[in-house]
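Q: This is the structure I have questions about; it appears just below.
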Number of protein chains: 2
Amino acid sequence: MRLLCTLEYSVYRVFALLFLGRVQLIEAEKLLAIPLDGSHWLSMRILVESLGQRGNQVVVLAPHSNIHIHPSENYILRTYPVPYSKELLKEQMVKSANDVFTKRPLLDKITNMYQRITNVTGIVFSACQHLLHSKEIMQELQESAFDAALIDPFFPCGMIVAEYLHLPSVYLLYGLPCGIDRLATQCPSPLSYVPRHFTGNTDHMSFPQRLKNALLWPVDTFLCNLLYSPYAQLASEFLHREMTILQLYSQTSVWLMKTDFVFDYPRPLMPNMVFVGGINCVGEQHLNQEFEKLVNSSGEHGFVVFSLGSMVSEIPMNKAMDIAEALKSIPQKVFWRYTGKAPPNLGENTHLVKWLPQNDLLAHPKARAFITHAGSHGIYEGICNAVPMVMMPLFGDQMDNAKRIESRGAGLTLNVLHMTPEDLSNAVRAVINNPVYKENIQRMSSLHLDRPIHPLDLAVHWVEFVMRHKGAPHLRPAAHDLNWFQYYSLDVIGFLLAVLLTALFISLKCCTFVFRRCFKRNSKKQRKSKSQ
Amino acid sequence: MRLLCTLEYSVYRVFALLFLGRVQLIEAEKLLAIPLDGSHWLSMRILVESLGQRGNQVVVLAPHSNIHIHPSENYILRTYPVPYSKELLKEQMVKSANDVFTKRPLLDKITNMYQRITNVTGIVFSACQHLLHSKEIMQELQESAFDAALIDPFFPCGMIVAEYLHLPSVYLLYGLPCGIDRLATQCPSPLSYVPRHFTGNTDHMSFPQRLKNALLWPVDTFLCNLLYSPYAQLASEFLHREMTILQLYSQTSVWLMKTDFVFDYPRPLMPNMVFVGGINCVGEQHLNQEFEKLVNSSGEHGFVVFSLGSMVSEIPMNKAMDIAEALKSIPQKVFWRYTGKAPPNLGENTHLVKWLPQNDLLAHPKARAFITHAGSHGIYEGICNAVPMVMMPLFGDQMDNAKRIESRGAGLTLNVLHMTPEDLSNAVRAVINNPVYKENIQRMSSLHLDRPIHPLDLAVHWVEFVMRHKGAPHLRPAAHDLNWFQYYSLDVIGFLLAVLLTALFISLKCCTFVFRRCFKRNSKKQRKSKSQ
């Protein structure tokens, strides 16, 4: 059934791509893509390449010093100078990974995290300043007459560029850290069943969990300020008009959200939110000879894929030794993406590789489990290929992602700081040997893959739609034109209350008046009768 | 551009249908369709025929006396006996049309409308009772082992059958009269920009309009009671457990909504709401010889299509004469769907026809305007084919539909009771000769047609999805498991308020205590110093 389904949609997609591609070539449009470096770029690259292959002219605007954004025949890479080197970025990555794997007291941990966030945001912000102040590049962009901008909205630099160039835009995102996406889309998110980021809550919450969900808004506000407040000032200065962060974020035409309701919890949506979870699962390729050989030698036990994502490829030696110890004890072959020094206790079944074709390996019938940091990319590759997961979330949304998979019974979560080698080997054995995990991930996979159009084609459609129609104003809710007082109908409620109270007051006055008159008349009568 | 777009999606659809159809035939599923007679059936018929053509076994369950539901080679029609004749239904239809075209004082109008609604609901309810109490049919249905039910939810009889047979279900609807769809989907609908039915409001409302929007809930509650309260009792009796109407409505897996945001105003949605507006525009066919000849003889002025829908094919003679008078004065040929006695003043340009291929005529390049009652079917055929409209809403949602088209500048609305022949001829001339109407409907049409998948294919996909997976529980929001107190977090707010008040109270007590102690000490000191 699953194979049939996969086959069905692969061929369906080929038909669609072939035909849509042919028509589109007649009138190519011009797109400005403003990505964010790191793992975020991986899915935008797939979309941008696809748009380029369909004959659109795509210019990718990226800082000169970056880690993952390389040239391609399907787009023009336009870089701009930044005041930091690629080496500094790599250093930061290694430092971040080391920090995550180091045990610290709570207060120290928070200070450290704060420092890490301000370092990263400082780097990104300085890149943004350099871009906006480069007259040469901004003029070149203005002269290029793009039809739309495709933006990674994690930091709001792309929006300032799009506003400056008067371009309609499309965002590609998984979610934004402080829930600003919900505010900017005007999407109602009842606190009673829509879990906030970083709470680890599911959609079914107990009273204390709902309390935690409600109480987390100061954290969100703090995070929003930390991440975004400098951009509001930068945008206002650069665009010569007052701009709030919410105004910047709410200008976009379409939000392409890299999730779906097989993975995420059902919640209200808005018409300009398009769900493209699984955009990165673009069908398996043939494995190269090296991996083909390794995979075939894995025997009946099959193999396990292990990666902590594109940003963490080496970890402290003591943790690496713990992990090597655990992996040694399982009968499967393990492919571990690791660029650091090999731990001395590495088992014979464990192969360290500098890079691995993650999706293609997971698509192999011998893939038994996937040890992952629970980044949204990896999670969707696990779902697409129905491979149960052992998750070691490190930072950001990864804790929430792991919770979602765990709550569906399709994987197990470990705490990287506190886990022992036994914990890891037990978890891997459990997801492989207990059929419940495989059944659950298979059910998730069959639901996820049963869709009328591949998420990549859907994303391509909407980017091209915005280019063709110069935006999508028909999807913009009128809520954007109301202030919060009007949005919550507080003026209407106030007016109705005033009318009600006035009516009550008048009725009361009338009653009192009538009562007094009657009373007076009665007492007069009484006095009269007494005097008679 | 529009032609290219249409071509693109037609061929894309053919590919999709061909391929999906071929795969689907391998494992046919069994569907029970429970339609409603009248215009509602027209779009369900298209969907049901399509599902049948793809190899699914479809049984359509309908009352023996009906007007539009006929047998087809693509489904099995199973009828059940009802205590009324087809003639009674036709009589009711003619009476309803006459009522709508008769001027009455307000109170009389309301009484008349109430009577009309109770007549119709009485007929439908008696049919439902007969179906549920027919042991033979219910047993036959139970033995048929369907995979899912496709239901027109305007009246909740189908849901009782689906509940009894433990079938997952899909609803096909445009909207429900008293907003019960919003309650049953748990979809937030802020009163400040989501207009209620029958208000004639758009999404941009002034303060009085928002007030009207808020004040209309008693009307909604009254309508809900009038239409649905007998079904709750019937369901509880038949299913041998307590059932509210909301419980009945909220059981479904997917809501196929026959609208989109080119026509409707953007508002929040839920994950199990799928928008299939335009499902009835399935590409033009060749006109038959009779119409081909008429159309070709229309000359440079082209022609106008005029229909008041499948339910109103004749109207009182005085109104018919007014309309004939107006149509006589325009230079276009007019095709008027009309089964009544021809008005004596009928112009030579006006052709009365008992039936017309509405979509195919509107798709003809010589179609200049569409005079319609603003039913959702007709409206979408107007949008698909980019023909500006003159709308004469008669009842139900038609006033709101007309408002939507008018607020987009793509048509004009007339009041059938008060319009003069001049009003009608002026309106038709305006939408034909003022290019703004054509431009606006063309823009709406190009947005509506620019979609990655045809609404009919999308609807087919979701019905088959529910059949394949026996429902879609992953799309059901957790809000269904909360009571209203929890949903609005009133318990959390209450708790936080209690904590805040307690903290305030304790602080106040402490302050008072400290203040008193200080004050006492001071006064003691003062007394001491005085005594010394």
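Residue numbering restarts at 1 in every chain; chains get A, B, ... in the order shown in the structure tokens, and ligands count up from 1 in that same order.
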Residues of chain A within 8 Å of chain B, counting only C-alpha atoms - could you list those as a PyMOL selection string?
A: chain A and resi 8+12+15-16+19-20+23+187-188+190-193+203-204+207+210-211+214+261-262+265-271+447+450-453+458+461+465+469+474-479+486-489+492
Q: Could you give me, as a VMD selection string, each residue of segment 83-304 of chain A that DSSP assigns to helix (DSSP H, G or I) when run on this structure's backbone?
A: chain A and resid 86 to 100 106 to 133 135 to 143 157 to 164 180 to 185 207 to 215 217 to 239 245 to 249 289 to 296 299 to 301
Q: Between B:Thr420, B:Thr350, B:Gln115, B:Gln332, single out the one closest to Asn433 of chain B, counting only C-alpha atoms.
A: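 Of all the options, B:Gln332 lies closest to Asn433 of chain B.
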Q: What does the structure give for the distance between atom CA of Tyr80 of chain B and atom CA of Leu51 of chain B, in Å to one decimal?
A: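 For atom CA of Tyr80 of chain B relative to atom CA of Leu51 of chain B, the distance reads 22.6 Å.
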Q: With only C-alpha atoms as the counted atoms, please give the residues lying no more than 12 Å from Thr118 of chain B, apart from itself and same-chain residues fewer than 4 positions off, as a PDB file with all heavy atoms, in the first residue's frame.
A:
```
ATOM      1  N   GLN B  92     -44.707  22.892  -3.513  1.00  0.00           N
ATOM      2  CA  GLN B  92     -43.988  23.689  -2.512  1.00  0.00           C
ATOM      3  C   GLN B  92     -43.025  24.659  -3.177  1.00  0.00           C
ATOM      4  O   GLN B  92     -42.883  25.812  -2.771  1.00  0.00           O
ATOM      5  CB  GLN B  92     -43.194  22.766  -1.566  1.00  0.00           C
ATOM      6  CG  GLN B  92     -44.008  22.190  -0.432  1.00  0.00           C
ATOM      7  CD  GLN B  92     -44.449  23.277   0.557  1.00  0.00           C
ATOM      8  OE1 GLN B  92     -43.800  24.287   0.741  1.00  0.00           O
ATOM      9  NE2 GLN B  92     -45.597  23.063   1.184  1.00  0.00           N
ATOM     10  N   THR B 111     -43.885  36.015   9.159  1.00  0.00           N
ATOM     11  CA  THR B 111     -44.765  34.862   9.427  1.00  0.00           C
ATOM     12  C   THR B 111     -44.736  33.907   8.245  1.00  0.00           C
ATOM     13  O   THR B 111     -44.665  32.681   8.402  1.00  0.00           O
ATOM     14  CB  THR B 111     -46.227  35.348   9.628  1.00  0.00           C
ATOM     15  OG1 THR B 111     -46.203  36.601  10.270  1.00  0.00           O
ATOM     16  CG2 THR B 111     -47.043  34.361  10.419  1.00  0.00           C
ATOM     17  N   ASN B 112     -44.790  34.499   7.047  1.00  0.00           N
ATOM     18  CA  ASN B 112     -44.794  33.696   5.834  1.00  0.00           C
ATOM     19  C   ASN B 112     -43.494  32.893   5.695  1.00  0.00           C
ATOM     20  O   ASN B 112     -43.507  31.706   5.343  1.00  0.00           O
ATOM     21  CB  ASN B 112     -44.970  34.656   4.645  1.00  0.00           C
ATOM     22  CG  ASN B 112     -45.195  33.899   3.373  1.00  0.00           C
ATOM     23  OD1 ASN B 112     -44.242  33.532   2.714  1.00  0.00           O
ATOM     24  ND2 ASN B 112     -46.452  33.626   3.041  1.00  0.00           N
ATOM     25  N   MET B 113     -42.359  33.562   5.993  1.00  0.00           N
ATOM     26  CA  MET B 113     -41.066  32.896   5.885  1.00  0.00           C
ATOM     27  C   MET B 113     -40.983  31.750   6.894  1.00  0.00           C
ATOM     28  O   MET B 113     -40.528  30.653   6.585  1.00  0.00           O
ATOM     29  CB  MET B 113     -39.941  33.897   6.137  1.00  0.00           C
ATOM     30  CG  MET B 113     -38.583  33.407   5.695  1.00  0.00           C
ATOM     31  SD  MET B 113     -37.395  34.747   5.678  1.00  0.00           S
ATOM     32  CE  MET B 113     -37.084  34.979   7.414  1.00  0.00           C
ATOM     33  N   TYR B 114     -41.469  32.032   8.106  1.00  0.00           N
ATOM     34  CA  TYR B 114     -41.463  31.019   9.161  1.00  0.00           C
ATOM     35  C   TYR B 114     -42.270  29.793   8.711  1.00  0.00           C
ATOM     36  O   TYR B 114     -41.834  28.646   8.866  1.00  0.00           O
ATOM     37  CB  TYR B 114     -42.067  31.621  10.443  1.00  0.00           C
ATOM     38  CG  TYR B 114     -42.159  30.646  11.580  1.00  0.00           C
ATOM     39  CD1 TYR B 114     -41.045  30.358  12.368  1.00  0.00           C
ATOM     40  CD2 TYR B 114     -43.356  29.987  11.868  1.00  0.00           C
ATOM     41  CE1 TYR B 114     -41.126  29.443  13.398  1.00  0.00           C
ATOM     42  CE2 TYR B 114     -43.444  29.075  12.904  1.00  0.00           C
ATOM     43  CZ  TYR B 114     -42.329  28.807  13.669  1.00  0.00           C
ATOM     44  OH  TYR B 114     -42.406  27.892  14.683  1.00  0.00           O
ATOM     45  N   GLY B 122     -40.358  20.248   7.849  1.00  0.00           N
ATOM     46  CA  GLY B 122     -41.295  19.168   8.184  1.00  0.00           C
ATOM     47  C   GLY B 122     -41.185  18.029   7.174  1.00  0.00           C
ATOM     48  O   GLY B 122     -41.121  16.844   7.552  1.00  0.00           O
ATOM     49  N   ILE B 123     -41.127  18.378   5.898  1.00  0.00           N
ATOM     50  CA  ILE B 123     -41.018  17.359   4.844  1.00  0.00           C
ATOM     51  C   ILE B 123     -39.714  16.571   4.997  1.00  0.00           C
ATOM     52  O   ILE B 123     -39.702  15.338   4.983  1.00  0.00           O
ATOM     53  CB  ILE B 123     -41.081  18.040   3.443  1.00  0.00           C
ATOM     54  CG1 ILE B 123     -42.493  18.572   3.182  1.00  0.00           C
ATOM     55  CG2 ILE B 123     -40.647  17.079   2.350  1.00  0.00           C
ATOM     56  CD1 ILE B 123     -42.625  19.393   1.917  1.00  0.00           C
ATOM     57  N   VAL B 124     -38.605  17.322   5.167  1.00  0.00           N
ATOM     58  CA  VAL B 124     -37.299  16.651   5.256  1.00  0.00           C
ATOM     59  C   VAL B 124     -37.245  15.766   6.509  1.00  0.00           C
ATOM     60  O   VAL B 124     -36.729  14.651   6.478  1.00  0.00           O
ATOM     61  CB  VAL B 124     -36.155  17.695   5.258  1.00  0.00           C
ATOM     62  CG1 VAL B 124     -34.806  17.008   5.354  1.00  0.00           C
ATOM     63  CG2 VAL B 124     -36.209  18.550   4.002  1.00  0.00           C
ATOM     64  N   PHE B 125     -37.812  16.271   7.599  1.00  0.00           N
ATOM     65  CA  PHE B 125     -37.766  15.506   8.848  1.00  0.00           C
ATOM     66  C   PHE B 125     -38.583  14.216   8.740  1.00  0.00           C
ATOM     67  O   PHE B 125     -38.154  13.152   9.208  1.00  0.00           O
ATOM     68  CB  PHE B 125     -38.274  16.367  10.011  1.00  0.00           C
ATOM     69  CG  PHE B 125     -38.131  15.711  11.351  1.00  0.00           C
ATOM     70  CD1 PHE B 125     -36.873  15.504  11.906  1.00  0.00           C
ATOM     71  CD2 PHE B 125     -39.244  15.268  12.057  1.00  0.00           C
ATOM     72  CE1 PHE B 125     -36.731  14.887  13.141  1.00  0.00           C
ATOM     73  CE2 PHE B 125     -39.109  14.650  13.293  1.00  0.00           C
ATOM     74  CZ  PHE B 125     -37.850  14.456  13.834  1.00  0.00           C
ATOM     75  N   SER B 126     -39.728  14.318   8.078  1.00  0.00           N
ATOM     76  CA  SER B 126     -40.550  13.104   7.964  1.00  0.00           C
ATOM     77  C   SER B 126     -39.830  12.069   7.093  1.00  0.00           C
ATOM     78  O   SER B 126     -39.903  10.865   7.353  1.00  0.00           O
ATOM     79  CB  SER B 126     -41.930  13.442   7.403  1.00  0.00           C
ATOM     80  OG  SER B 126     -41.838  13.734   6.024  1.00  0.00           O
ATOM     81  N   LEU B 223     -32.872  30.144  14.670  1.00  0.00           N
ATOM     82  CA  LEU B 223     -32.851  29.368  13.427  1.00  0.00           C
ATOM     83  C   LEU B 223     -32.350  27.943  13.676  1.00  0.00           C
ATOM     84  O   LEU B 223     -32.912  26.970  13.168  1.00  0.00           O
ATOM     85  CB  LEU B 223     -31.923  30.043  12.428  1.00  0.00           C
ATOM     86  CG  LEU B 223     -32.573  30.625  11.186  1.00  0.00           C
ATOM     87  CD1 LEU B 223     -31.555  31.306  10.325  1.00  0.00           C
ATOM     88  CD2 LEU B 223     -33.314  29.558  10.400  1.00  0.00           C
ATOM     89  N   ASN B 225     -32.499  26.259  16.406  1.00  0.00           N
ATOM     90  CA  ASN B 225     -33.545  25.512  17.106  1.00  0.00           C
ATOM     91  C   ASN B 225     -34.645  25.072  16.166  1.00  0.00           C
ATOM     92  O   ASN B 225     -35.096  23.929  16.198  1.00  0.00           O
ATOM     93  CB  ASN B 225     -34.149  26.376  18.223  1.00  0.00           C
ATOM     94  CG  ASN B 225     -33.399  26.165  19.510  1.00  0.00           C
ATOM     95  OD1 ASN B 225     -32.895  25.063  19.759  1.00  0.00           O
ATOM     96  ND2 ASN B 225     -33.296  27.201  20.310  1.00  0.00           N
ATOM     97  N   LEU B 226     -35.046  26.015  15.310  1.00  0.00           N
ATOM     98  CA  LEU B 226     -36.138  25.745  14.375  1.00  0.00           C
ATOM     99  C   LEU B 226     -35.769  24.594  13.437  1.00  0.00           C
ATOM    100  O   LEU B 226     -36.573  23.687  13.175  1.00  0.00           O
ATOM    101  CB  LEU B 226     -36.402  27.023  13.567  1.00  0.00           C
ATOM    102  CG  LEU B 226     -37.579  27.004  12.600  1.00  0.00           C
ATOM    103  CD1 LEU B 226     -38.874  26.882  13.360  1.00  0.00           C
ATOM    104  CD2 LEU B 226     -37.598  28.267  11.738  1.00  0.00           C
ATOM    105  N   LEU B 227     -34.533  24.648  12.936  1.00  0.00           N
ATOM    106  CA  LEU B 227     -34.128  23.668  11.930  1.00  0.00           C
ATOM    107  C   LEU B 227     -33.740  22.322  12.531  1.00  0.00           C
ATOM    108  O   LEU B 227     -34.024  21.274  11.972  1.00  0.00           O
ATOM    109  CB  LEU B 227     -32.931  24.204  11.124  1.00  0.00           C
ATOM    110  CG  LEU B 227     -33.186  25.394  10.201  1.00  0.00           C
ATOM    111  CD1 LEU B 227     -31.868  25.905   9.629  1.00  0.00           C
ATOM    112  CD2 LEU B 227     -34.100  24.977   9.059  1.00  0.00           C
ATOM    113  N   TYR B 228     -33.043  22.373  13.665  1.00  0.00           N
ATOM    114  CA  TYR B 228     -32.351  21.160  14.094  1.00  0.00           C
ATOM    115  C   TYR B 228     -32.843  20.485  15.362  1.00  0.00           C
ATOM    116  O   TYR B 228     -32.531  19.311  15.583  1.00  0.00           O
ATOM    117  CB  TYR B 228     -30.854  21.464  14.243  1.00  0.00           C
ATOM    118  CG  TYR B 228     -30.225  21.951  12.961  1.00  0.00           C
ATOM    119  CD1 TYR B 228     -29.361  23.047  12.944  1.00  0.00           C
ATOM    120  CD2 TYR B 228     -30.494  21.315  11.755  1.00  0.00           C
ATOM    121  CE1 TYR B 228     -28.789  23.489  11.754  1.00  0.00           C
ATOM    122  CE2 TYR B 228     -29.922  21.757  10.566  1.00  0.00           C
ATOM    123  CZ  TYR B 228     -29.083  22.846  10.576  1.00  0.00           C
ATOM    124  OH  TYR B 228     -28.520  23.275   9.408  1.00  0.00           O
ATOM    125  N   PRO B 230     -35.524  19.014  16.451  1.00  0.00           N
ATOM    126  CA  PRO B 230     -36.161  17.687  16.440  1.00  0.00           C
ATOM    127  C   PRO B 230     -35.165  16.550  16.177  1.00  0.00           C
ATOM    128  O   PRO B 230     -35.391  15.418  16.606  1.00  0.00           O
ATOM    129  CB  PRO B 230     -37.157  17.782  15.277  1.00  0.00           C
ATOM    130  CG  PRO B 230     -37.305  19.236  14.981  1.00  0.00           C
ATOM    131  CD  PRO B 230     -36.030  19.880  15.378  1.00  0.00           C
TER     132      PRO B 230
END
```
Q: Got a sec: who's within 8 Å of segment 43-45 of chain B, counting only C-alpha atoms, leaving out chain neighbours fewer than 3 positions off, as a list in words?
A: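 Within the cut-off, the hits are Pro35, Ser39, His40, Val48, Glu49, Asp152, Leu172, Ile279, Asn280 and His377 of chain B.
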Q: Those residues you just picked out, can you put them in a file as a short mmCIF file (atom, residue, chain, number, x, y, z; two decimals), in the first residue's frame with C-alpha atoms?
A:
```cif
data_model
loop_
_atom_site.label_atom_id
_atom_site.label_comp_id
_atom_site.auth_asym_id
_atom_site.auth_seq_id
_atom_site.Cartn_x
_atom_site.Cartn_y
_atom_site.Cartn_z
CA PRO B 35 -27.48 13.92 -0.49
CA SER B 39 -29.75 22.53 -6.00
CA HIS B 40 -27.52 21.00 -3.29
CA VAL B 48 -20.28 11.21 -6.76
CA GLU B 49 -20.10 10.59 -10.53
CA ASP B 152 -24.88 16.88 2.67
CA LEU B 172 -19.98 18.61 1.29
CA ILE B 279 -16.14 22.17 -7.88
CA ASN B 280 -19.06 22.51 -10.31
CA HIS B 377 -23.38 27.30 -8.02
#
```
Q: Tell me, which residues of segment 239-276 of chain A carry DSSP strand (DSSP E), written as a short mmCIF file (atom, residue, chain, number, x, y, z; two decimals) with N, CA and C atoms, in the first residue's frame?
A:
```
data_model
loop_
_atom_site.label_atom_id
_atom_site.label_comp_id
_atom_site.auth_asym_id
_atom_site.auth_seq_id
_atom_site.Cartn_x
_atom_site.Cartn_y
_atom_site.Cartn_z
N VAL A 254 2.22 35.21 1.42
CA VAL A 254 1.98 33.78 1.73
C VAL A 254 3.04 33.27 2.71
N TRP A 255 2.59 32.51 3.69
CA TRP A 255 3.48 31.85 4.64
C TRP A 255 3.56 30.36 4.28
N LEU A 256 4.70 29.93 3.77
CA LEU A 256 4.88 28.51 3.50
C LEU A 256 5.43 27.86 4.77
N MET A 257 4.60 27.08 5.45
CA MET A 257 4.98 26.51 6.74
C MET A 257 5.47 25.06 6.54
N MET A 273 -1.70 30.75 4.97
CA MET A 273 -0.73 29.79 5.50
C MET A 273 -0.85 28.51 4.68
N VAL A 274 0.24 28.14 4.02
CA VAL A 274 0.23 26.94 3.18
C VAL A 274 1.20 25.93 3.81
N PHE A 275 0.73 24.72 4.01
CA PHE A 275 1.54 23.73 4.73
C PHE A 275 2.34 22.86 3.76
#
```
Q: Could you list, as a VMD selection string, every residue within 7 Å of segment 384-395 of chain A, counting only C-alpha atoms and ignoring same-chain residues fewer than 2 positions away?
A: chain A and resid 100 281 362 to 363 367 to 374 380 to 382 397 to 399 402 410 to 416 427 to 428 431 437 to 438 441 to 442 445 449
Q: Within 9 Å of Asn74 of chain B, counting only C-alpha atoms, which residues show up once you throw out same-chain ones fewer than 6 positions away? Write them as an MDAnalysis selection string, please.
A: chainID B and resid 48:53 55:58
Q: I need the residues from that last selection saved to file as a PDB file, in the first residue's frame (with N, CA, C and O atoms), if you can.
A:
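What ended up in again-v6.pdb:
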```pdb
ATOM      1  N   VAL B  48     -19.921  12.620  -6.862  1.00  0.00           N
ATOM      2  CA  VAL B  48     -20.279  11.206  -6.757  1.00  0.00           C
ATOM      3  C   VAL B  48     -20.029  10.492  -8.107  1.00  0.00           C
ATOM      4  O   VAL B  48     -19.503   9.379  -8.139  1.00  0.00           O
ATOM      5  N   GLU B  49     -20.355  11.170  -9.193  1.00  0.00           N
ATOM      6  CA  GLU B  49     -20.102  10.588 -10.525  1.00  0.00           C
ATOM      7  C   GLU B  49     -18.598  10.383 -10.711  1.00  0.00           C
ATOM      8  O   GLU B  49     -18.149   9.350 -11.207  1.00  0.00           O
ATOM      9  N   SER B  50     -17.828  11.375 -10.303  1.00  0.00           N
ATOM     10  CA  SER B  50     -16.381  11.292 -10.457  1.00  0.00           C
ATOM     11  C   SER B  50     -15.810  10.138  -9.632  1.00  0.00           C
ATOM     12  O   SER B  50     -14.953   9.390 -10.096  1.00  0.00           O
ATOM     13  N   LEU B  51     -16.321   9.999  -8.400  1.00  0.00           N
ATOM     14  CA  LEU B  51     -15.856   8.901  -7.533  1.00  0.00           C
ATOM     15  C   LEU B  51     -16.231   7.557  -8.145  1.00  0.00           C
ATOM     16  O   LEU B  51     -15.461   6.592  -8.070  1.00  0.00           O
ATOM     17  N   GLY B  52     -17.433   7.492  -8.728  1.00  0.00           N
ATOM     18  CA  GLY B  52     -17.879   6.267  -9.372  1.00  0.00           C
ATOM     19  C   GLY B  52     -17.022   5.935 -10.581  1.00  0.00           C
ATOM     20  O   GLY B  52     -16.590   4.786 -10.766  1.00  0.00           O
ATOM     21  N   GLN B  53     -16.713   6.956 -11.394  1.00  0.00           N
ATOM     22  CA  GLN B  53     -15.890   6.750 -12.591  1.00  0.00           C
ATOM     23  C   GLN B  53     -14.508   6.233 -12.234  1.00  0.00           C
ATOM     24  O   GLN B  53     -13.874   5.543 -13.023  1.00  0.00           O
ATOM     25  N   GLY B  55     -13.852   4.084 -10.121  1.00  0.00           N
ATOM     26  CA  GLY B  55     -13.904   2.676  -9.726  1.00  0.00           C
ATOM     27  C   GLY B  55     -14.416   2.427  -8.321  1.00  0.00           C
ATOM     28  O   GLY B  55     -14.473   1.282  -7.875  1.00  0.00           O
ATOM     29  N   ASN B  56     -14.769   3.491  -7.600  1.00  0.00           N
ATOM     30  CA  ASN B  56     -15.360   3.278  -6.272  1.00  0.00           C
ATOM     31  C   ASN B  56     -16.808   2.823  -6.421  1.00  0.00           C
ATOM     32  O   ASN B  56     -17.491   3.202  -7.363  1.00  0.00           O
ATOM     33  N   GLN B  57     -17.261   2.007  -5.479  1.00  0.00           N
ATOM     34  CA  GLN B  57     -18.671   1.613  -5.484  1.00  0.00           C
ATOM     35  C   GLN B  57     -19.443   2.637  -4.658  1.00  0.00           C
ATOM     36  O   GLN B  57     -19.219   2.740  -3.458  1.00  0.00           O
ATOM     37  N   VAL B  58     -20.318   3.382  -5.314  1.00  0.00           N
ATOM     38  CA  VAL B  58     -21.049   4.432  -4.610  1.00  0.00           C
ATOM     39  C   VAL B  58     -22.538   4.094  -4.579  1.00  0.00           C
ATOM     40  O   VAL B  58     -23.129   3.780  -5.614  1.00  0.00           O
TER      41      VAL B  58
END
```
Q: Report, in Å to a single decimal, how far apart atom CA of His418 of chain B and atom CA of Asp108 of chain B are.
A: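 Atom-to-atom, atom CA of Asp108 of chain B and atom CA of His418 of chain B are spaced 17.0 Å apart.
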Q: Please, what distance in Å, to one decimal, runs between atom CA of Gln289 of chain A and atom CA of Ser307 of chain A?
A: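 Between these atoms lies a distance of 20.4 Å.
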Q: Give me the residues near Lys90 of chain B as a PDB file with C-alpha atoms, in the first residue's frame, where near means some atom within 12 Å (using only C-alpha atoms) and where sequence neighbours in that chain fewer than 4 positions away do not count.
A:
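Heads up, here's the output in part_7.pdb:
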```pdb
ATOM      1  CA  ASP B  37     -32.555  17.065  -3.020  1.00  0.00           C
ATOM      2  CA  GLY B  38     -32.646  20.346  -4.934  1.00  0.00           C
ATOM      3  CA  SER B  65     -40.103  11.175  -4.070  1.00  0.00           C
ATOM      4  CA  ASN B  66     -37.494  13.636  -5.210  1.00  0.00           C
ATOM      5  CA  ILE B  67     -36.967  16.151  -7.980  1.00  0.00           C
ATOM      6  CA  HIS B  68     -33.362  16.012  -9.117  1.00  0.00           C
ATOM      7  CA  TYR B  84     -45.258  12.586   0.395  1.00  0.00           C
ATOM      8  CA  SER B  85     -45.368  12.718  -3.393  1.00  0.00           C
ATOM      9  CA  LYS B  86     -43.143  14.391  -5.964  1.00  0.00           C
ATOM     10  CA  VAL B  94     -43.851  27.005  -6.948  1.00  0.00           C
ATOM     11  CA  LYS B  95     -45.450  28.326  -3.755  1.00  0.00           C
ATOM     12  CA  SER B  96     -42.049  29.373  -2.370  1.00  0.00           C
ATOM     13  CA  ALA B  97     -41.201  31.225  -5.601  1.00  0.00           C
ATOM     14  CA  VAL B 120     -39.737  22.395   4.197  1.00  0.00           C
ATOM     15  CA  SER B 310     -32.970  24.927 -10.423  1.00  0.00           C
ATOM     16  CA  MET B 311     -35.670  25.629  -7.816  1.00  0.00           C
ATOM     17  CA  VAL B 312     -37.334  28.687  -9.397  1.00  0.00           C
ATOM     18  CA  SER B 313     -38.276  28.181 -13.030  1.00  0.00           C
ATOM     19  CA  GLU B 314     -41.499  30.176 -13.087  1.00  0.00           C
TER      20      GLU B 314
END
```
